[in-house]
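**Student:** Please find one structure pasted underneath; my questions will follow.
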Amino acid sequence: MAVAFVFPGQGSQTVGMGKALAGVFPAARAVFEEVDAALGEKLTATMWEGPAERLTLTENAQPALMAVSLAALRVLEREAGVDLKRDAAFMAGHSLGEYSALAAAGSFPLADAARLLRIRGRAMQQAVPVGAGAMAALLGLDVEAAAAIAAEAQQGQICQTANDNGGQVVVSGNKEAVERAIDIAKAKGTRAMLLPVSAPFHCALMQPAADTMREALAKITVKPPAVPVVANVLAQPITDPAEIVRRLVEQVTGTVRWRESVAFMAGQGVTTFYEIGAGKVLSGLVKRITKDARGIPIGTPEDIAAFKAG
């Protein structure tokens, strides 16, 4: 009956997220104040008042989602007596959520996580001119079939698997190549659609952002996490600080192997995945990936109350 704590990635953001937590719990307010101070701006104003277009900007969405995750976790620790080292077998996060997981596990401070994600979001947005890249979801395929479609679509350009979410594989790359992948998938009878994203994340076009993150991560001290963190690019737990840095850099251009990550944790006996932060995307994916585990989102005061009553 092991437990894992997982942390959402981009796409889970909504205007107003975290506001109720801050209104009820001082521990949550302290997290948001620290993130605002680290960034030298009121990110919370964008989070709670919008507009949605501003929150969705990658450089805002990434630190904002991390802030909500860490706020919810601090409340769980303070109000419900959660002790990660005692209570969690593993931790993992989807893309930027890996930074949330590492910050939660004490690998680097909250302020560093906020600044790293601001740099990461900005670098990922600037790596490719707007409109030059795209991402598409291929539904109902396994990752091998999706990779074959991506390879066929390349034709000298970039098109590769970006996320393996289990039953849905996302491909990323040059816009023309991704559009070819959609056409190839549809010709094979597969549902496929362009995603409303601002850049082609997790593909080779992100190499400039990976270089930026290598420089940024070299300037901070990374400690071993209190709980093993399952790395996106390995679908295996890592604890060595040097390897954590290496895999975070690799993750910018590499595939988020979420299906395999969840399957690994389930195979190690994890039956409950607590999704800490905004939304419930990962909880839905857990149910799709492994029938014997449950995903439980915790991101509101009501969720905290239900956890304490549980």
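Residues are named by chain letter and number: chains run A, B, ... in the order of the structure tokens, numbers start at 1 in each chain, and ligands are numbered from 1 in the order shown.
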Residues at most 12 Å from Arg54 in chain A, counting only C-alpha atoms, excluding those fewer than 6 positions away in the same chain, as a list in words?
**Tutor:**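 The filter keeps Gln13, Thr14, Val15, Leu43, Thr44, Ala45, Thr46, Met47, Trp48, Asn60, Ala61, Gln62 and Ala64 of chain A.
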**Student:** Apply DSSP to the backbone of this structure and, from range 255-290 of chain A, keep only the residues in alpha helix (DSSP H); write these as a ChimeraX atom specification.
**Tutor:** /A:258-267,281-289
**Student:** For the selection just defined, write its residues with N, CA and C atoms to a file, as an mmCIF file, in the first residue's frame.
**Tutor:**
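Done, and the output landed in part.cif:
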```cif
data_model
loop_
_atom_site.group_PDB
_atom_site.id
_atom_site.type_symbol
_atom_site.label_atom_id
_atom_site.label_comp_id
_atom_site.auth_asym_id
_atom_site.auth_seq_id
_atom_site.Cartn_x
_atom_site.Cartn_y
_atom_site.Cartn_z
ATOM 1 N N TRP A 258 5.898 9.428 -19.177
ATOM 2 C CA TRP A 258 4.995 9.412 -18.021
ATOM 3 C C TRP A 258 4.329 8.056 -17.828
ATOM 4 N N ARG A 259 3.915 7.436 -18.921
ATOM 5 C CA ARG A 259 3.277 6.111 -18.806
ATOM 6 C C ARG A 259 4.227 5.133 -18.115
ATOM 7 N N GLU A 260 5.462 5.108 -18.559
ATOM 8 C CA GLU A 260 6.433 4.184 -17.971
ATOM 9 C C GLU A 260 6.764 4.562 -16.521
ATOM 10 N N SER A 261 6.760 5.861 -16.233
ATOM 11 C CA SER A 261 7.057 6.309 -14.867
ATOM 12 C C SER A 261 5.986 5.830 -13.897
ATOM 13 N N VAL A 262 4.718 6.008 -14.280
ATOM 14 C CA VAL A 262 3.610 5.558 -13.430
ATOM 15 C C VAL A 262 3.628 4.037 -13.317
ATOM 16 N N ALA A 263 3.876 3.360 -14.438
ATOM 17 C CA ALA A 263 3.916 1.894 -14.421
ATOM 18 C C ALA A 263 5.051 1.391 -13.532
ATOM 19 N N PHE A 264 6.193 2.074 -13.560
ATOM 20 C CA PHE A 264 7.305 1.684 -12.691
ATOM 21 C C PHE A 264 6.889 1.788 -11.222
ATOM 22 N N MET A 265 6.308 2.936 -10.846
ATOM 23 C CA MET A 265 5.920 3.125 -9.439
ATOM 24 C C MET A 265 4.856 2.117 -9.019
ATOM 25 N N ALA A 266 3.897 1.869 -9.913
ATOM 26 C CA ALA A 266 2.868 0.861 -9.601
ATOM 27 C C ALA A 266 3.506 -0.517 -9.435
ATOM 28 N N GLY A 267 4.499 -0.803 -10.266
ATOM 29 C CA GLY A 267 5.195 -2.085 -10.174
ATOM 30 C C GLY A 267 5.987 -2.248 -8.885
ATOM 31 N N VAL A 281 -5.305 16.346 -14.076
ATOM 32 C CA VAL A 281 -4.884 15.665 -15.307
ATOM 33 C C VAL A 281 -4.152 14.366 -14.986
ATOM 34 N N LEU A 282 -3.205 14.430 -14.060
ATOM 35 C CA LEU A 282 -2.393 13.251 -13.761
ATOM 36 C C LEU A 282 -3.218 12.153 -13.103
ATOM 37 N N SER A 283 -4.199 12.546 -12.300
ATOM 38 C CA SER A 283 -5.061 11.546 -11.658
ATOM 39 C C SER A 283 -5.823 10.750 -12.711
ATOM 40 N N GLY A 284 -6.260 11.437 -13.763
ATOM 41 C CA GLY A 284 -6.932 10.752 -14.860
ATOM 42 C C GLY A 284 -5.995 9.805 -15.593
ATOM 43 N N LEU A 285 -4.748 10.255 -15.796
ATOM 44 C CA LEU A 285 -3.773 9.410 -16.490
ATOM 45 C C LEU A 285 -3.431 8.168 -15.672
ATOM 46 N N VAL A 286 -3.351 8.317 -14.349
ATOM 47 C CA VAL A 286 -3.047 7.161 -13.488
ATOM 48 C C VAL A 286 -4.076 6.063 -13.718
ATOM 49 N N LYS A 287 -5.355 6.449 -13.758
ATOM 50 C CA LYS A 287 -6.420 5.445 -13.927
ATOM 51 C C LYS A 287 -6.322 4.769 -15.291
ATOM 52 N N ARG A 288 -5.855 5.540 -16.290
ATOM 53 C CA ARG A 288 -5.736 4.986 -17.630
ATOM 54 C C ARG A 288 -4.533 4.040 -17.742
ATOM 55 N N ILE A 289 -3.460 4.373 -17.013
ATOM 56 C CA ILE A 289 -2.204 3.628 -17.139
ATOM 57 C C ILE A 289 -2.221 2.349 -16.318
#
```
**Student:** Name the closest residue to Val31 in chain A among the candidates A:Val75, A:Val169, A:Ala153, A:Ala92; distances are taken between atoms, counting only C-alpha atoms.
**Tutor:**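 Smallest separation from Val31 in chain A among the options: A:Val75.
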**Student:** Using Å and a single decimal, report how far CA of Ala146 in chain A sits from CA of Thr212 in chain A.
**Tutor:**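 Answer for the CA of Thr212 in chain A to CA of Ala146 in chain A separation: 29.1 Å.
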**Student:** Please provide as a list in words all residues within 10 Å of Met193 in chain A, with the sequence filter that same-chain residues fewer than 2 positions apart are discarded (counting only C-alpha atoms).
**Tutor:**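 Non-adjacent residues within range: Met135, Ala136, Ala137, Leu138, Leu139, Val170, Val178, Glu179, Ala181, Ile182, Asp183, Ala185, Lys186, Thr190, Arg191, Leu195 and Pro196 of chain A.
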**Student:** From the DSSP assignment of the backbone, select every residue of range 235-298 of chain A that is strand (DSSP E or B), and format the answer as an mmCIF file with C-alpha atoms, in the first residue's frame.
**Tutor:**
```cif
data_model
loop_
_atom_site.group_PDB
_atom_site.id
_atom_site.type_symbol
_atom_site.label_atom_id
_atom_site.label_comp_id
_atom_site.auth_asym_id
_atom_site.auth_seq_id
_atom_site.Cartn_x
_atom_site.Cartn_y
_atom_site.Cartn_z
ATOM 1 C CA GLN A 236 13.496 5.344 -13.079
ATOM 2 C CA PRO A 237 14.222 6.946 -9.695
ATOM 3 C CA ILE A 238 17.375 9.009 -9.232
ATOM 4 C CA VAL A 256 8.420 12.727 -20.956
ATOM 5 C CA VAL A 270 2.372 2.133 -5.270
ATOM 6 C CA THR A 271 -1.420 1.985 -5.119
ATOM 7 C CA THR A 272 -2.233 5.652 -4.417
ATOM 8 C CA PHE A 273 -0.933 8.621 -6.402
ATOM 9 C CA TYR A 274 -1.602 11.995 -4.778
ATOM 10 C CA GLU A 275 -1.574 14.709 -7.450
ATOM 11 C CA ILE A 276 -0.378 17.798 -5.614
ATOM 12 C CA ARG A 294 -6.015 5.437 -7.841
ATOM 13 C CA GLY A 295 -5.146 9.060 -8.464
ATOM 14 C CA ILE A 296 -6.328 11.639 -5.928
ATOM 15 C CA PRO A 297 -5.961 15.365 -6.696
ATOM 16 C CA ILE A 298 -5.100 17.688 -3.804
#
```
**Student:** Which residues of range 178-296 of chain A have any atom within 8 Å of an atom in range 102-126 of chain A when counting only C-alpha atoms, and what is the closest pair of atoms for each, with the distance in Å to one decimal? Order the rows by chain and rising number and write it as CSV.
**Tutor:**
```
residue,atom,partner,partner_atom,distance
A:Ser198,CA,A:Gln125,CA,7.1
A:Ala199,CA,A:Gln125,CA,6.0
A:Phe201,CA,A:Met124,CA,7.1
A:Met206,CA,A:Met124,CA,6.3
A:Pro208,CA,A:Ala123,CA,7.4
A:Ala209,CA,A:Ala123,CA,4.8
A:Thr212,CA,A:Ala123,CA,6.8
A:Met213,CA,A:Arg120,CA,6.4
A:Ala216,CA,A:Leu116,CA,6.9
A:Leu217,CA,A:Leu116,CA,7.6
A:Ile220,CA,A:Asp112,CA,7.5
A:Thr221,CA,A:Phe108,CA,6.8
A:Val222,CA,A:Ser107,CA,5.3
A:Lys223,CA,A:Ser107,CA,4.4
A:Pro224,CA,A:Ser107,CA,5.6
A:Pro225,CA,A:Ser107,CA,4.8
A:Ala226,CA,A:Ala105,CA,5.1
A:Val227,CA,A:Ala105,CA,6.0
A:Val229,CA,A:Leu102,CA,7.0
A:Pro241,CA,A:Ser107,CA,7.9
```
**Student:** Distance CA of Ala132 in chain A-CA of Glu250 in chain A, one decimal place?
**Tutor:**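 Straight-line distance from CA of Ala132 in chain A to CA of Glu250 in chain A works out to 22.0 Å.
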